[in-house]
Amino acid sequence: MTPQTPHAPQTPPAYLAGLFSLEGLNAVVTGGSSGIGRAIAGALARAGARVVVVARREAELAATVDELTADGCRAAAVSCDLGSREGVRAGAEEAAAVFGEPDILVNSAGINLRPPMGEMTDEVWDATMAVNLEAPHLLGRRFGPGMAERGFGRIIHVSSQQAHRAFVQSGAYGVSKGALESLTRSQAEAWSPRGVTCNTLVPGFVMTPLNARLSSDPERVAALAARTLTGRNGLAEDFAGAAVFLASRASGYVTGQSLFVDGGFSVH
Ligand SMILES: NC(=O)c1ccc[n+]([C@@H]2O[C@H](COP(=O)([O-])OP(=O)(O)OC[C@H]3O[C@@H](n4cnc5c(N)ncnc54)[C@H](OP(=O)(O)O)[C@@H]3O)[C@@H](O)[C@H]2O)c1
């Protein structure tokens with residue numbers, strides 16, 4: 001991107017490209033085969049980034065890549081289990097080998113197993129922390145220093161309104177998401193002095209496979225929509241604009257923040 005001066009008139013497309021184009025950047029999106037992650041992967045790819053989507057199920061990964069390449073985007077998939085340290089480390093190397101070291105890392109992979117605190121087991125606690133918190137931490141450690149060395153990077157986490165309030169048996173899930181927002185700030189402290197911004201997108205209630213059980217209850221769905229200032233529940237596509245902004249050069253002075261993309265759910 002060439003630096004712009006106030007005296008260099010530009011067409012709107014050139015001006016917008018200077019702010020938001022992701023041409024020439026590599027992105028890794030965990031959970032990029034479903035729901036919010038898939039919408040974010042699509043948005044980054046359509047904004048010009050080369051995108052590697054990372055998750056376990058190969059059919060969903062392949063379908064995502066097919067959709068993006070059919071649209072003229074550059075995309076690839078890596079199948080790995082982010083529920084173990086070995087899985088995260090192997091997946092990270094494989095993802096970096098496709099297009100090169102990522103400039104943008106999005107951690108959208110997440111699980112919500114929902115047992116109430118009183119019924120918590122070690123297995124649920126460990127699995128939740130591994131995917132929702134430890135994987136973002138390890139991927140940050142793997143890719144953050146390289147981004148800082150190159151002087152540019154964008155790390156975007158996806159937490160939850162349950163990082164801020166107890167809601168529908170938040171249990172271990174809410175704890176993991178609260179810690180993820182703290183991780184964001186620690187990462188920002190470590191790498192933002194060298195051009196790497198680290199931020200979190202905070203969804204409210206979004207109609208995705210993650211909450212299929214809740215989404216299939218029309219009364220609950222209607223009640224949640226009514227409690228949202230925009231009058232509807234979230235869709236995965238609602239995250240496209242915010243993700244492109246946080247991945248782009250336009251957000252260079254925004255770091256350590258939690259950006260609520262929730263139709264006003266959190267302020268009502
Ligand atoms: N939907 C909501 O209302 C809502 C609200 C607040 C926050 N969020 C957060 O938003 C993020 C995306 O959720 P979503 O609603 O889009 O859910 P989703 O549609 O269920 O997508 C979850 C993604 O994570 C991947 N994943 C899960 N476990 C994995 C593992 N062990 N290893 C690798 N990949 C794994 C899944 O692929 P595989 O199963 O194939 O591995 C899938 O691609 C999550 O972090 C979630 O906590 C969602």
# chains A, B, ... in the order shown; residues from 1 in each chain; ligands from 1

call {"tool": "select_by_dssp", "arguments": {"residues": "range 17-254 of chain A", "states": "strand (DSSP E or B)", "output": "MDAnalysis selection string"}}
result
chainID A and resid 26:30 50:55 75:79 104:107 153:158 196:203 206 234

call {"tool": "write_last_selection", "arguments": {"atoms": "N, CA and C atoms", "output": "JSON list (two decimals), in the first residue's frame"}}
result
[["chain", "number", "residue", "atom", "x", "y", "z"],
["A", 26, "ASN", "N", -1.72, -13.36, 3.86],
["A", 26, "ASN", "CA", -2.10, -14.76, 4.14],
["A", 26, "ASN", "C", -2.89, -14.82, 5.44],
["A", 27, "ALA", "N", -3.96, -15.59, 5.42],
["A", 27, "ALA", "CA", -4.78, -15.74, 6.64],
["A", 27, "ALA", "C", -4.97, -17.21, 6.98],
["A", 28, "VAL", "N", -4.99, -17.48, 8.28],
["A", 28, "VAL", "CA", -5.38, -18.80, 8.79],
["A", 28, "VAL", "C", -6.62, -18.59, 9.64],
["A", 29, "VAL", "N", -7.67, -19.33, 9.35],
["A", 29, "VAL", "CA", -8.93, -19.19, 10.10],
["A", 29, "VAL", "C", -9.30, -20.54, 10.69],
["A", 30, "THR", "N", -9.18, -20.67, 12.00],
["A", 30, "THR", "CA", -9.62, -21.92, 12.63],
["A", 30, "THR", "C", -11.15, -21.90, 12.74],
["A", 50, "ARG", "N", -5.25, -14.71, 0.91],
["A", 50, "ARG", "CA", -5.17, -16.16, 0.69],
["A", 50, "ARG", "C", -5.52, -16.80, 2.03],
["A", 51, "VAL", "N", -6.49, -17.70, 2.02],
["A", 51, "VAL", "CA", -7.05, -18.18, 3.30],
["A", 51, "VAL", "C", -6.89, -19.69, 3.44],
["A", 52, "VAL", "N", -6.37, -20.10, 4.60],
["A", 52, "VAL", "CA", -6.34, -21.52, 4.96],
["A", 52, "VAL", "C", -7.36, -21.72, 6.08],
["A", 53, "VAL", "N", -8.35, -22.58, 5.82],
["A", 53, "VAL", "CA", -9.33, -22.90, 6.85],
["A", 53, "VAL", "C", -8.90, -24.18, 7.57],
["A", 54, "VAL", "N", -9.05, -24.15, 8.90],
["A", 54, "VAL", "CA", -8.57, -25.25, 9.74],
["A", 54, "VAL", "C", -9.72, -25.76, 10.61],
["A", 55, "ALA", "N", -9.97, -27.06, 10.55],
["A", 55, "ALA", "CA", -10.96, -27.72, 11.42],
["A", 55, "ALA", "C", -10.75, -29.22, 11.29],
["A", 75, "ALA", "N", -7.91, -20.29, -1.63],
["A", 75, "ALA", "CA", -8.25, -20.91, -0.34],
["A", 75, "ALA", "C", -7.76, -22.35, -0.31],
["A", 76, "ALA", "N", -7.46, -22.82, 0.89],
["A", 76, "ALA", "CA", -7.03, -24.20, 1.08],
["A", 76, "ALA", "C", -7.47, -24.64, 2.46],
["A", 77, "ALA", "N", -7.39, -25.94, 2.70],
["A", 77, "ALA", "CA", -7.86, -26.47, 3.98],
["A", 77, "ALA", "C", -6.81, -27.33, 4.64],
["A", 78, "VAL", "N", -6.82, -27.30, 5.98],
["A", 78, "VAL", "CA", -5.99, -28.20, 6.77],
["A", 78, "VAL", "C", -6.90, -28.85, 7.80],
["A", 79, "SER", "N", -6.89, -30.19, 7.81],
["A", 79, "SER", "CA", -7.68, -30.91, 8.81],
["A", 79, "SER", "C", -6.80, -31.26, 9.99],
["A", 104, "ILE", "N", -2.49, -12.89, 9.11],
["A", 104, "ILE", "CA", -3.77, -12.77, 9.84],
["A", 104, "ILE", "C", -4.09, -14.15, 10.44],
["A", 105, "LEU", "N", -4.37, -14.14, 11.74],
["A", 105, "LEU", "CA", -4.81, -15.38, 12.41],
["A", 105, "LEU", "C", -6.17, -15.13, 13.03],
["A", 106, "VAL", "N", -7.15, -15.94, 12.66],
["A", 106, "VAL", "CA", -8.48, -15.84, 13.27],
["A", 106, "VAL", "C", -8.74, -17.14, 14.03],
["A", 107, "ASN", "N", -9.03, -17.02, 15.31],
["A", 107, "ASN", "CA", -9.37, -18.19, 16.13],
["A", 107, "ASN", "C", -10.88, -18.22, 16.34],
["A", 153, "GLY", "N", 0.81, -7.67, 11.60],
["A", 153, "GLY", "CA", 0.04, -8.88, 11.90],
["A", 153, "GLY", "C", -1.30, -8.52, 12.49],
["A", 154, "ARG", "N", -2.22, -9.44, 12.35],
["A", 154, "ARG", "CA", -3.57, -9.26, 12.89],
["A", 154, "ARG", "C", -4.00, -10.57, 13.53],
["A", 155, "ILE", "N", -4.27, -10.54, 14.83],
["A", 155, "ILE", "CA", -4.80, -11.71, 15.52],
["A", 155, "ILE", "C", -6.22, -11.37, 15.98],
["A", 156, "ILE", "N", -7.16, -12.21, 15.58],
["A", 156, "ILE", "CA", -8.57, -11.97, 15.90],
["A", 156, "ILE", "C", -9.14, -13.21, 16.58],
["A", 157, "HIS", "N", -9.61, -13.03, 17.78],
["A", 157, "HIS", "CA", -10.25, -14.13, 18.50],
["A", 157, "HIS", "C", -11.76, -13.96, 18.43],
["A", 158, "VAL", "N", -12.47, -15.06, 18.69],
["A", 158, "VAL", "CA", -13.93, -14.98, 18.78],
["A", 158, "VAL", "C", -14.31, -15.47, 20.16],
["A", 196, "VAL", "N", 1.53, -5.60, 15.38],
["A", 196, "VAL", "CA", 0.57, -6.71, 15.43],
["A", 196, "VAL", "C", -0.60, -6.32, 16.33],
["A", 197, "THR", "N", -1.78, -6.20, 15.76],
["A", 197, "THR", "CA", -2.93, -5.91, 16.61],
["A", 197, "THR", "C", -3.64, -7.20, 16.98],
["A", 198, "CYS", "N", -4.18, -7.24, 18.19],
["A", 198, "CYS", "CA", -4.86, -8.44, 18.72],
["A", 198, "CYS", "C", -6.19, -7.98, 19.29],
["A", 199, "ASN", "N", -7.25, -8.48, 18.72],
["A", 199, "ASN", "CA", -8.59, -8.07, 19.15],
["A", 199, "ASN", "C", -9.53, -9.26, 19.20],
["A", 200, "THR", "N", -10.67, -9.04, 19.84],
["A", 200, "THR", "CA", -11.67, -10.10, 19.98],
["A", 200, "THR", "C", -13.01, -9.63, 19.43],
["A", 201, "LEU", "N", -13.64, -10.49, 18.65],
["A", 201, "LEU", "CA", -15.03, -10.27, 18.25],
["A", 201, "LEU", "C", -15.92, -10.97, 19.27],
["A", 202, "VAL", "N", -16.94, -10.29, 19.73],
["A", 202, "VAL", "CA", -17.82, -10.86, 20.76],
["A", 202, "VAL", "C", -19.23, -11.03, 20.18],
["A", 203, "PRO", "N", -19.60, -12.27, 19.83],
["A", 203, "PRO", "CA", -20.96, -12.49, 19.33],
["A", 203, "PRO", "C", -21.97, -12.53, 20.47],
["A", 206, "VAL", "N", -26.05, -16.32, 17.86],
["A", 206, "VAL", "CA", -25.94, -16.42, 16.40],
["A", 206, "VAL", "C", -26.45, -17.79, 15.98],
["A", 234, "GLY", "N", -28.37, -13.02, 15.61],
["A", 234, "GLY", "CA", -27.24, -12.84, 14.71],
["A", 234, "GLY", "C", -27.18, -13.91, 13.63]]

call {"tool": "closest_atom_pairs", "arguments": {"of": "chain A", "to": "ligand 1", "cutoff": "7 Å", "atoms": "only C-alpha atoms and all ligand atoms", "output": "Markdown table"}}
result
| residue | atom | partner | partner_atom_place_in_ligand_line | distance |
| --- | --- | --- | --- | --- |
| A:Thr30 | CA | ligand 1 | 34 (N) | 6.3 |
| A:Gly31 | CA | ligand 1 | 43 (O) | 3.3 |
| A:Gly32 | CA | ligand 1 | 43 (O) | 5.2 |
| A:Ser33 | CA | ligand 1 | 43 (O) | 4.2 |
| A:Ser34 | CA | ligand 1 | 43 (O) | 4.2 |
| A:Gly35 | CA | ligand 1 | 16 (O) | 3.3 |
| A:Ile36 | CA | ligand 1 | 16 (O) | 3.7 |
| A:Gly37 | CA | ligand 1 | 16 (O) | 5.4 |
| A:Val54 | CA | ligand 1 | 34 (N) | 6.4 |
| A:Ala55 | CA | ligand 1 | 34 (N) | 3.5 |
| A:Arg56 | CA | ligand 1 | 41 (O) | 3.5 |
| A:Arg57 | CA | ligand 1 | 40 (O) | 3.6 |
| A:Glu58 | CA | ligand 1 | 40 (O) | 7.0 |
| A:Glu60 | CA | ligand 1 | 40 (O) | 6.6 |
| A:Cys80 | CA | ligand 1 | 33 (C) | 5.8 |
| A:Asp81 | CA | ligand 1 | 32 (N) | 3.7 |
| A:Leu82 | CA | ligand 1 | 32 (N) | 3.6 |
| A:Gly83 | CA | ligand 1 | 31 (N) | 4.2 |
| A:Ser108 | CA | ligand 1 | 11 (C) | 4.5 |
| A:Ala109 | CA | ligand 1 | 24 (O) | 3.3 |
| A:Gly110 | CA | ligand 1 | 45 (O) | 3.6 |
| A:Ile111 | CA | ligand 1 | 27 (C) | 5.5 |
| A:Asn112 | CA | ligand 1 | 47 (O) | 6.4 |
| A:Val131 | CA | ligand 1 | 31 (N) | 5.6 |
| A:Asn132 | CA | ligand 1 | 45 (O) | 6.4 |
| A:Val158 | CA | ligand 1 | 45 (O) | 5.2 |
| A:Ser159 | CA | ligand 1 | 7 (C) | 5.3 |
| A:Ser160 | CA | ligand 1 | 6 (C) | 3.9 |
| A:Gln161 | CA | ligand 1 | 6 (C) | 6.1 |
| A:Val202 | CA | ligand 1 | 7 (C) | 6.6 |
| A:Pro203 | CA | ligand 1 | 6 (C) | 4.5 |
| A:Gly204 | CA | ligand 1 | 5 (C) | 5.2 |
| A:Phe205 | CA | ligand 1 | 3 (O) | 3.8 |
| A:Val206 | CA | ligand 1 | 3 (O) | 3.6 |
| A:Met207 | CA | ligand 1 | 1 (N) | 5.7 |
| A:Thr208 | CA | ligand 1 | 15 (O) | 4.7 |
| A:Pro209 | CA | ligand 1 | 19 (O) | 4.5 |
| A:Leu210 | CA | ligand 1 | 20 (O) | 3.6 |
| A:Asn211 | CA | ligand 1 | 1 (N) | 5.8 |
| A:Ala236 | CA | ligand 1 | 16 (O) | 6.9 |

call {"tool": "atom_distance", "arguments": {"atom1": "CA of Leu235 in chain A", "atom2": "CA of Ala49 in chain A"}}
result
22.3 Å

call {"tool": "select_by_dssp", "arguments": {"residues": "range 114-245 of chain A", "states": "helix (DSSP H, G or I)", "output": "PyMOL selection string"}}
result
chain A and resi 117-119+122-150+161-163+171-194+209-215+218-226+236-245

call {"tool": "residues_around", "arguments": {"residues": "Pro116 in chain A", "least_positions_apart": "6", "cutoff": "10 Å", "atoms": "only C-alpha atoms", "output": "VMD selection string"}}
result
chain A and resid 168 to 172

call {"tool": "atom_distance", "arguments": {"atom1": "CA of Gly151 in chain A", "atom2": "CA of Gly195 in chain A"}}
result
4.9 Å

call {"tool": "atom_distance", "arguments": {"atom1": "CA of His268 in chain A", "atom2": "CA of Ala240 in chain A"}}
result
23.3 Å

call {"tool": "residues_around", "arguments": {"residues": "Ala222 in chain A", "least_positions_apart": "6", "cutoff": "12 Å", "atoms": "only C-alpha atoms", "output": "JSON, numbers by chain"}}
result
{"A": [205, 207, 214, 215, 216, 228, 231, 232, 233]}

call {"tool": "residues_around", "arguments": {"residues": "Thr230 in chain A", "least_positions_apart": "5", "cutoff": "10 Å", "atoms": "only C-alpha atoms", "output": "ChimeraX atom specification"}}
result
/A:225,262-265

call {"tool": "closest_residue", "arguments": {"among": "A:Thr69, A:Thr184, A:Ser84, A:Thr11", "to": "Glu134 in chain A", "atoms": "only C-alpha atoms"}}
result
A:Ser84

call {"tool": "closest_residue", "arguments": {"among": "A:Ala242, A:Ala70, A:Leu25, A:Leu16", "to": "Phe99 in chain A", "atoms": "only C-alpha atoms"}}
result
A:Leu25

call {"tool": "residues_around", "arguments": {"residues": "Arg249 in chain A", "least_positions_apart": "4", "cutoff": "10 Å", "atoms": "only C-alpha atoms", "output": "number ranges by chain"}}
result
A: 1, 17-22, 152-154, 195, 197, 244-245, 253

call {"tool": "write_last_selection", "arguments": {"atoms": "N, CA and C atoms", "output": "short mmCIF file (atom, residue, chain, number, x, y, z; two decimals), in the first residue's frame"}}
result
data_model
loop_
_atom_site.label_atom_id
_atom_site.label_comp_id
_atom_site.auth_asym_id
_atom_site.auth_seq_id
_atom_site.Cartn_x
_atom_site.Cartn_y
_atom_site.Cartn_z
N MET A 1 0.85 -1.19 0.00
CA MET A 1 0.00 0.00 0.00
C MET A 1 0.89 1.24 0.00
N ALA A 17 -9.79 0.47 -0.99
CA ALA A 17 -8.78 -0.60 -1.09
C ALA A 17 -7.60 -0.28 -0.19
N GLY A 18 -7.21 1.00 -0.14
CA GLY A 18 -6.09 1.39 0.72
C GLY A 18 -6.37 1.10 2.18
N LEU A 19 -7.62 1.26 2.56
CA LEU A 19 -7.99 0.99 3.95
C LEU A 19 -8.21 -0.50 4.23
N PHE A 20 -8.93 -1.16 3.33
CA PHE A 20 -9.47 -2.48 3.70
C PHE A 20 -9.00 -3.66 2.86
N SER A 21 -8.31 -3.42 1.73
CA SER A 21 -7.94 -4.57 0.90
C SER A 21 -6.98 -5.49 1.64
N LEU A 22 -7.17 -6.78 1.48
CA LEU A 22 -6.29 -7.76 2.10
C LEU A 22 -5.43 -8.45 1.04
N PHE A 152 4.02 -6.51 10.78
CA PHE A 152 2.57 -6.44 10.53
C PHE A 152 1.93 -7.76 10.91
N GLY A 153 0.81 -7.67 11.60
CA GLY A 153 0.04 -8.88 11.90
C GLY A 153 -1.30 -8.52 12.49
N ARG A 154 -2.22 -9.44 12.35
CA ARG A 154 -3.57 -9.26 12.89
C ARG A 154 -4.00 -10.57 13.53
N GLY A 195 3.57 -3.71 15.39
CA GLY A 195 2.64 -3.77 14.26
C GLY A 195 1.62 -4.89 14.26
N THR A 197 -1.78 -6.20 15.76
CA THR A 197 -2.93 -5.91 16.61
C THR A 197 -3.64 -7.20 16.98
N VAL A 244 -13.17 -8.07 8.42
CA VAL A 244 -12.31 -7.42 7.41
C VAL A 244 -11.66 -6.18 8.03
N PHE A 245 -12.43 -5.41 8.77
CA PHE A 245 -11.87 -4.22 9.43
C PHE A 245 -10.71 -4.61 10.35
N TYR A 253 -4.64 1.04 14.66
CA TYR A 253 -4.55 1.71 15.97
C TYR A 253 -5.61 1.17 16.93
#
